[in-house]
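> The file below is protein_18.cif, mmCIF, C-alpha atoms:
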data_run
loop_
_atom_site.label_atom_id
_atom_site.label_comp_id
_atom_site.auth_asym_id
_atom_site.auth_seq_id
_atom_site.Cartn_x
_atom_site.Cartn_y
_atom_site.Cartn_z
CA MET A 1 -10.54 -5.93 14.24
CA LYS A 2 -8.26 -2.93 14.49
CA LEU A 3 -5.66 -1.73 12.00
CA THR A 4 -2.69 0.65 12.01
CA LEU A 5 -1.44 2.46 8.92
CA ASP A 6 1.80 0.71 7.93
CA HIS A 7 3.00 2.20 4.65
CA LEU A 8 2.17 4.05 1.45
CA ILE A 9 2.87 2.47 -1.94
CA VAL A 10 4.04 4.58 -4.88
CA ALA A 11 4.14 2.63 -8.14
CA ALA A 12 6.51 3.44 -10.98
CA ALA A 13 7.42 1.99 -14.35
CA ALA A 14 11.05 2.00 -13.21
CA LEU A 15 12.54 2.29 -9.75
CA ASP A 16 14.68 5.34 -10.59
CA ALA A 17 11.66 7.20 -11.96
CA GLY A 18 9.68 6.54 -8.78
CA THR A 19 12.60 7.62 -6.62
CA GLU A 20 12.96 10.88 -8.53
CA TYR A 21 9.22 11.54 -8.28
CA VAL A 22 9.17 11.16 -4.49
CA ALA A 23 12.35 13.24 -4.10
CA SER A 24 10.87 16.04 -6.21
CA GLN A 25 7.70 16.08 -4.12
CA LEU A 26 9.07 15.54 -0.61
CA GLY A 27 12.68 16.70 -0.86
CA VAL A 28 14.09 13.32 0.23
CA ALA A 29 14.91 10.33 -1.97
CA PRO A 30 13.90 6.79 -0.93
CA GLN A 31 16.86 4.44 -0.54
CA GLY A 32 17.77 0.84 0.25
CA GLY A 33 15.01 -1.70 -0.15
CA GLY A 34 15.59 -4.71 -2.35
CA ALA A 35 13.89 -7.45 -4.34
CA HIS A 36 10.73 -9.45 -3.59
CA PRO A 37 11.34 -13.11 -4.47
CA GLY A 38 8.44 -14.63 -6.35
CA MET A 39 6.69 -11.32 -7.04
CA GLY A 40 9.17 -10.06 -9.63
CA THR A 41 9.30 -6.58 -8.07
CA HIS A 42 11.82 -4.45 -6.22
CA ASN A 43 11.56 -1.36 -4.06
CA ARG A 44 13.13 1.56 -2.22
CA VAL A 45 11.86 2.90 1.09
CA LEU A 46 11.62 6.11 3.09
CA GLY A 47 10.93 6.35 6.83
CA MET A 48 8.59 8.98 8.30
CA PHE A 49 7.41 9.93 11.76
CA GLY A 50 4.80 7.85 13.55
CA GLY A 51 5.97 4.43 12.43
CA VAL A 52 4.77 5.03 8.85
CA TYR A 53 6.99 4.62 5.82
CA LEU A 54 6.78 5.07 2.06
CA GLU A 55 7.62 2.41 -0.50
CA VAL A 56 8.43 2.98 -4.17
CA ILE A 57 7.76 -0.24 -6.06
CA ALA A 58 8.35 -1.28 -9.67
CA ILE A 59 8.51 -4.41 -11.76
CA ASP A 60 12.03 -5.82 -11.60
CA PRO A 61 13.22 -6.33 -15.20
CA ASP A 62 15.76 -8.90 -14.01
CA ALA A 63 13.35 -11.14 -12.08
CA ALA A 64 10.60 -13.42 -13.34
CA PRO A 65 7.56 -13.73 -11.05
CA THR A 66 6.28 -17.13 -9.98
CA ARG A 67 2.72 -15.83 -9.63
CA ALA A 68 0.63 -12.77 -10.51
CA ARG A 69 2.38 -9.69 -9.15
CA TRP A 70 0.79 -7.91 -6.21
CA PHE A 71 -0.96 -4.52 -6.17
CA GLY A 72 -2.40 -5.05 -9.63
CA LEU A 73 0.94 -4.27 -11.29
CA ASP A 74 0.19 -6.72 -14.11
CA THR A 75 -3.22 -5.22 -14.90
CA ASP A 76 -3.93 -3.05 -17.91
CA ALA A 77 -5.41 -0.32 -15.69
CA VAL A 78 -2.28 0.10 -13.57
CA GLN A 79 0.04 -0.18 -16.55
CA ALA A 80 -1.94 2.53 -18.35
CA ARG A 81 -1.57 4.90 -15.39
CA LEU A 82 2.15 4.15 -15.13
CA ARG A 83 2.64 5.38 -18.68
CA ASP A 84 1.75 8.85 -17.33
CA GLY A 85 4.35 8.60 -14.57
CA PRO A 86 4.68 7.37 -10.97
CA PHE A 87 1.68 7.72 -8.69
CA LEU A 88 0.34 6.82 -5.25
CA LEU A 89 -1.21 3.46 -6.01
CA HIS A 90 -2.11 1.90 -2.69
CA TRP A 91 -1.54 1.60 1.06
CA ALA A 92 -1.05 -1.18 3.57
CA ALA A 93 -2.53 -1.48 7.05
CA ARG A 94 -0.76 -3.38 9.80
CA VAL A 95 -2.36 -6.07 11.94
CA GLU A 96 -0.89 -5.76 15.42
CA ARG A 97 -0.28 -8.73 17.66
CA PRO A 98 -1.83 -10.54 19.50
CA ALA A 99 -4.27 -10.55 16.55
CA ASP A 100 -3.23 -13.00 13.84
CA LEU A 101 -3.72 -12.23 10.14
CA SER A 102 -3.66 -15.87 9.06
CA LEU A 103 -6.39 -16.68 11.58
CA TRP A 104 -8.49 -13.79 10.27
CA ARG A 105 -8.23 -15.35 6.83
CA GLU A 106 -9.43 -18.72 8.18
CA GLN A 107 -12.33 -17.14 10.06
CA TYR A 108 -13.46 -14.65 7.40
CA PRO A 109 -12.47 -15.96 3.95
CA GLN A 110 -15.24 -13.93 2.33
CA HIS A 111 -13.57 -10.67 3.40
CA VAL A 112 -9.88 -11.50 3.95
CA VAL A 113 -8.13 -12.66 0.77
CA PRO A 114 -5.29 -15.24 0.80
CA VAL A 115 -2.32 -14.46 3.03
CA VAL A 116 1.09 -14.77 1.36
CA PRO A 117 4.30 -15.23 3.40
CA MET A 118 7.16 -13.00 2.22
CA ASN A 119 10.79 -12.36 3.11
CA ARG A 120 13.57 -9.99 2.14
CA GLY A 121 16.88 -10.17 3.96
CA ASP A 122 16.13 -10.24 7.70
CA LEU A 123 12.52 -9.19 7.15
CA ARG A 124 9.64 -11.66 7.32
CA TRP A 125 6.01 -10.73 6.91
CA ARG A 126 2.60 -11.92 5.76
CA ILE A 127 0.39 -9.89 3.45
CA THR A 128 -3.00 -10.33 1.81
CA VAL A 129 -2.79 -10.76 -1.97
CA PRO A 130 -5.67 -12.01 -4.16
CA GLU A 131 -4.80 -15.05 -6.30
CA ASP A 132 -4.87 -12.91 -9.45
CA GLY A 133 -2.69 -10.21 -7.87
CA SER A 134 -5.43 -7.59 -8.10
CA LEU A 135 -5.87 -4.71 -5.69
CA PRO A 136 -8.07 -5.48 -2.66
CA ALA A 137 -11.80 -4.89 -3.02
CA TRP A 138 -14.86 -4.97 -0.82
CA GLN A 139 -17.96 -6.83 -1.94
CA GLY A 140 -21.29 -5.77 -0.53
CA GLU A 141 -24.93 -5.44 -1.49
CA ALA A 142 -24.12 -2.40 -3.63
CA GLY A 143 -21.47 -4.26 -5.62
CA THR A 144 -17.69 -4.30 -5.44
CA ALA A 145 -15.24 -1.43 -4.96
CA GLY A 146 -11.51 -1.11 -4.40
CA GLU A 147 -9.10 0.45 -6.91
CA GLY A 148 -6.33 0.76 -4.32
CA LEU A 149 -8.42 2.52 -1.65
CA LEU A 150 -9.07 -0.56 0.46
CA PRO A 151 -5.77 -1.53 2.13
CA SER A 152 -3.74 -4.66 1.83
CA LEU A 153 -3.35 -6.20 5.30
CA ILE A 154 0.16 -6.88 6.54
CA GLN A 155 1.57 -8.53 9.65
CA TRP A 156 5.27 -8.38 10.42
CA ASP A 157 6.86 -11.49 11.89
CA VAL A 158 9.96 -9.65 13.11
CA ALA A 159 10.27 -6.98 15.80
CA ARG A 160 12.32 -4.56 13.71
CA TYR A 161 10.12 -3.98 10.69
CA PRO A 162 10.63 -0.92 8.43
CA GLY A 163 8.26 1.34 10.38
CA VAL A 164 10.57 1.15 13.39
CA SER A 165 13.97 0.38 11.84
CA LEU A 166 14.17 2.94 9.01
CA PRO A 167 15.80 6.31 9.76
CA ARG A 168 13.00 8.84 10.29
CA GLN A 169 13.13 11.68 7.83
CA ASP A 170 11.62 15.06 8.64
CA LEU A 171 8.31 13.97 7.12
CA ALA A 172 4.93 13.27 8.69
CA LEU A 173 1.77 11.91 7.11
CA ARG A 174 -1.03 14.33 8.01
CA ARG A 175 -3.95 12.85 6.13
CA LEU A 176 -4.76 10.02 3.75
CA THR A 177 -7.79 10.65 1.57
CA GLY A 178 -9.66 8.80 -1.13
CA GLN A 179 -12.27 9.67 -3.72
CA HIS A 180 -14.54 7.02 -5.17
CA PRO A 181 -17.97 6.76 -6.84
CA ARG A 182 -18.88 4.10 -4.26
CA ALA A 183 -17.39 5.73 -1.20
CA GLU A 184 -20.12 4.45 1.13
CA LEU A 185 -19.43 0.86 0.09
CA LEU A 186 -15.74 1.32 0.85
CA ARG A 187 -16.61 2.87 4.22
CA GLN A 188 -18.46 -0.33 5.06
CA GLY A 189 -15.36 -2.37 4.25
CA LEU A 190 -13.05 -0.12 6.23
CA ALA A 191 -15.41 -0.15 9.21
CA TRP A 192 -15.56 -3.95 9.19
CA LEU A 193 -11.75 -4.14 9.08
CA GLY A 194 -11.32 -1.56 11.83
CA GLY A 195 -9.52 0.84 9.50
CA GLU A 196 -12.16 3.55 9.03
CA PRO A 197 -10.20 6.24 10.97
CA LEU A 198 -7.15 5.77 8.72
CA LEU A 199 -8.66 6.98 5.43
CA THR A 200 -11.03 9.89 4.77
CA LEU A 201 -13.32 8.89 1.91
CA GLU A 202 -15.23 11.30 -0.31
CA GLN A 203 -17.97 10.60 -2.83
CA THR A 204 -17.07 11.57 -6.39
CA ASP A 205 -18.42 11.14 -9.89
CA GLY A 206 -14.89 11.03 -11.26
CA PRO A 207 -12.27 8.27 -11.26
CA PRO A 208 -11.02 6.78 -7.97
CA LEU A 209 -8.12 8.69 -6.43
CA LEU A 210 -5.83 8.15 -3.45
CA ALA A 211 -3.92 11.11 -1.98
CA ALA A 212 -1.52 11.53 0.95
CA GLU A 213 -0.89 14.91 2.53
CA ILE A 214 2.63 14.90 3.97
CA GLU A 215 4.24 17.60 6.10
CA THR A 216 7.77 18.46 4.92
CA PRO A 217 10.23 21.21 5.90
CA GLN A 218 8.96 23.07 2.83
CA GLY A 219 5.30 22.76 3.85
CA ILE A 220 2.51 20.32 3.04
CA ARG A 221 3.02 18.29 -0.12
CA THR A 222 0.45 15.93 -1.62
CA LEU A 223 1.26 12.63 -3.29
CA ARG A 224 -1.35 11.40 -5.76
#
What is this file in structure tokens?


Amino acid sequence: MKLTLDHLIVAAAALDAGTEYVASQLGVAPQGGGAHPGMGTHNRVLGMFGGVYLEVIAIDPDAAPTRARWFGLDTDAVQARLRDGPFLLHWAARVERPADLSLWREQYPQHVVPVVPMNRGDLRWRITVPEDGSLPAWQGEAGTAGEGLLPSLIQWDVARYPGVSLPRQDLALRRLTGQHPRAELLRQGLAWLGGEPLLTLEQTDGPPLLAAEIETPQGIRTLR
């Protein structure tokens, strides 16, 4: 398996608050986006160099979900963090063709969670989302670890997905890092997925943390 970093996910209690947070940090406000049918969420997006983009996501107050929302947005832990403001919650890694994400799920159900088909406007994609909507986790001999550091897997079913179609702002992701008490366990998961080069993991005794160092015209800024 081999993965490519697709996008960063900033969660916010409200879309405007998340947009303002990103604009204050990077100097550019995410725009556009739309609603996610069935998930009860909506987003705004921001293109960067290298085919990577940033997504601000929030619960849509005008839409009722038909299942547990993705990225753990319904969980007490994420909701508690959102009360302190927007933050970098998660990231998604892209499965490039000719590999097939749905086939990976069939072959390795113990490591690849259910694949959910999604659409928004002209966009069509498949993404891994646990049945309970929780953030992805890796289960090994040392236990289970995740907390947003293990990526969701995404495969685009259209040629012009956001990484190539969004206007590229003068922003470049320089490094994605994570801190976790079970960093070695997460390294095992990333290595199995083929995503180990995408995230630098550090052992910590503190709470899990995801951070993205982004080059801007004003210098390096870090989203956490």

> Give the answer as one residue: which of A:Arg83, A:His36, A:Lys2, A:His90 has the shortest atom-to-atom distance to Ser134 in chain A, using all atoms listed in the file?

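Selected residue with least distance to Ser134 in chain A: A:His90.
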
> For Pro167 in chain A, which of A:Asp122, A:Asp6, A:Leu199, A:Gln31 is the closest residue, counting only C-alpha atoms?

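Distance minimum relative to Pro167 in chain A lands on A:Gln31.
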
> Which residues are near His42 in chain A? Cut-off 6 Å, only C-alpha atoms, ignore same chain within fewer than 3 positions. Put them as a PyMOL selection string.

chain A and resi 34-36+57-58+60

> In Å, with one decimal, what is the gap from CA of Gly50 in chain A to CA of Arg221 in chain A?

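Computed distance, CA of Gly50 in chain A to CA of Arg221 in chain A, equals 17.3 Å.
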
> In Å, with one decimal, what is the gap from CA of Arg69 in chain A to CA of Gln139 in chain A?

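Pair CA of Arg69 in chain A / CA of Gln139 in chain A returns 21.8 Å.
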
> Could N, CA and C atoms be built for range 57-79 of chain A and written out as an mmCIF file, in the coordinates of the input?


data_model
loop_
_atom_site.group_PDB
_atom_site.id
_atom_site.type_symbol
_atom_site.label_atom_id
_atom_site.label_comp_id
_atom_site.auth_asym_id
_atom_site.auth_seq_id
_atom_site.Cartn_x
_atom_site.Cartn_y
_atom_site.Cartn_z
ATOM 1 N N ILE A 57 7.692 1.122 -5.537
ATOM 2 C CA ILE A 57 7.760 -0.240 -6.060
ATOM 3 C C ILE A 57 7.653 -0.230 -7.578
ATOM 4 N N ALA A 58 8.374 -1.161 -8.208
ATOM 5 C CA ALA A 58 8.350 -1.280 -9.670
ATOM 6 C C ALA A 58 8.601 -2.731 -10.042
ATOM 7 N N ILE A 59 8.190 -3.083 -11.235
ATOM 8 C CA ILE A 59 8.510 -4.410 -11.760
ATOM 9 C C ILE A 59 10.012 -4.506 -11.959
ATOM 10 N N ASP A 60 10.588 -5.588 -11.467
ATOM 11 C CA ASP A 60 12.030 -5.820 -11.600
ATOM 12 C C ASP A 60 12.302 -6.473 -12.956
ATOM 13 N N PRO A 61 12.986 -5.770 -13.861
ATOM 14 C CA PRO A 61 13.220 -6.330 -15.200
ATOM 15 C C PRO A 61 14.127 -7.554 -15.195
ATOM 16 N N ASP A 62 14.819 -7.777 -14.081
ATOM 17 C CA ASP A 62 15.760 -8.900 -14.010
ATOM 18 C C ASP A 62 15.205 -10.094 -13.238
ATOM 19 N N ALA A 63 13.929 -10.050 -12.877
ATOM 20 C CA ALA A 63 13.350 -11.140 -12.080
ATOM 21 C C ALA A 63 12.022 -11.575 -12.677
ATOM 22 N N ALA A 64 11.855 -12.867 -12.827
ATOM 23 C CA ALA A 64 10.600 -13.420 -13.340
ATOM 24 C C ALA A 64 9.712 -13.811 -12.167
ATOM 25 N N PRO A 65 8.463 -13.370 -12.155
ATOM 26 C CA PRO A 65 7.560 -13.730 -11.050
ATOM 27 C C PRO A 65 7.138 -15.192 -11.156
ATOM 28 N N THR A 66 6.804 -15.759 -10.012
ATOM 29 C CA THR A 66 6.280 -17.130 -9.980
ATOM 30 C C THR A 66 4.771 -17.141 -9.812
ATOM 31 N N ARG A 67 4.164 -15.966 -9.768
ATOM 32 C CA ARG A 67 2.720 -15.830 -9.630
ATOM 33 C C ARG A 67 2.348 -14.442 -10.130
ATOM 34 N N ALA A 68 1.054 -14.118 -10.124
ATOM 35 C CA ALA A 68 0.630 -12.770 -10.510
ATOM 36 C C ALA A 68 1.204 -11.764 -9.511
ATOM 37 N N ARG A 69 1.797 -10.697 -10.028
ATOM 38 C CA ARG A 69 2.380 -9.690 -9.150
ATOM 39 C C ARG A 69 1.303 -9.021 -8.292
ATOM 40 N N TRP A 70 1.720 -8.582 -7.115
ATOM 41 C CA TRP A 70 0.790 -7.910 -6.210
ATOM 42 C C TRP A 70 0.474 -6.496 -6.665
ATOM 43 N N PHE A 71 -0.522 -5.904 -5.979
ATOM 44 C CA PHE A 71 -0.960 -4.520 -6.170
ATOM 45 C C PHE A 71 -1.431 -4.220 -7.576
ATOM 46 N N GLY A 72 -1.862 -5.258 -8.296
ATOM 47 C CA GLY A 72 -2.400 -5.050 -9.630
ATOM 48 C C GLY A 72 -1.383 -4.580 -10.647
ATOM 49 N N LEU A 73 -0.090 -4.793 -10.391
ATOM 50 C CA LEU A 73 0.940 -4.270 -11.290
ATOM 51 C C LEU A 73 0.898 -4.895 -12.680
ATOM 52 N N ASP A 74 0.296 -6.079 -12.797
ATOM 53 C CA ASP A 74 0.190 -6.720 -14.110
ATOM 54 C C ASP A 74 -1.052 -6.290 -14.882
ATOM 55 N N THR A 75 -1.939 -5.541 -14.253
ATOM 56 C CA THR A 75 -3.220 -5.220 -14.900
ATOM 57 C C THR A 75 -3.065 -4.097 -15.916
ATOM 58 N N ASP A 76 -3.950 -4.104 -16.896
ATOM 59 C CA ASP A 76 -3.930 -3.050 -17.910
ATOM 60 C C ASP A 76 -4.180 -1.681 -17.298
ATOM 61 N N ALA A 77 -5.066 -1.613 -16.296
ATOM 62 C CA ALA A 77 -5.410 -0.320 -15.690
ATOM 63 C C ALA A 77 -4.201 0.324 -15.019
ATOM 64 N N VAL A 78 -3.460 -0.461 -14.232
ATOM 65 C CA VAL A 78 -2.280 0.100 -13.570
ATOM 66 C C VAL A 78 -1.192 0.420 -14.578
ATOM 67 N N GLN A 79 -0.975 -0.450 -15.543
ATOM 68 C CA GLN A 79 0.040 -0.180 -16.550
ATOM 69 C C GLN A 79 -0.271 1.080 -17.355
#
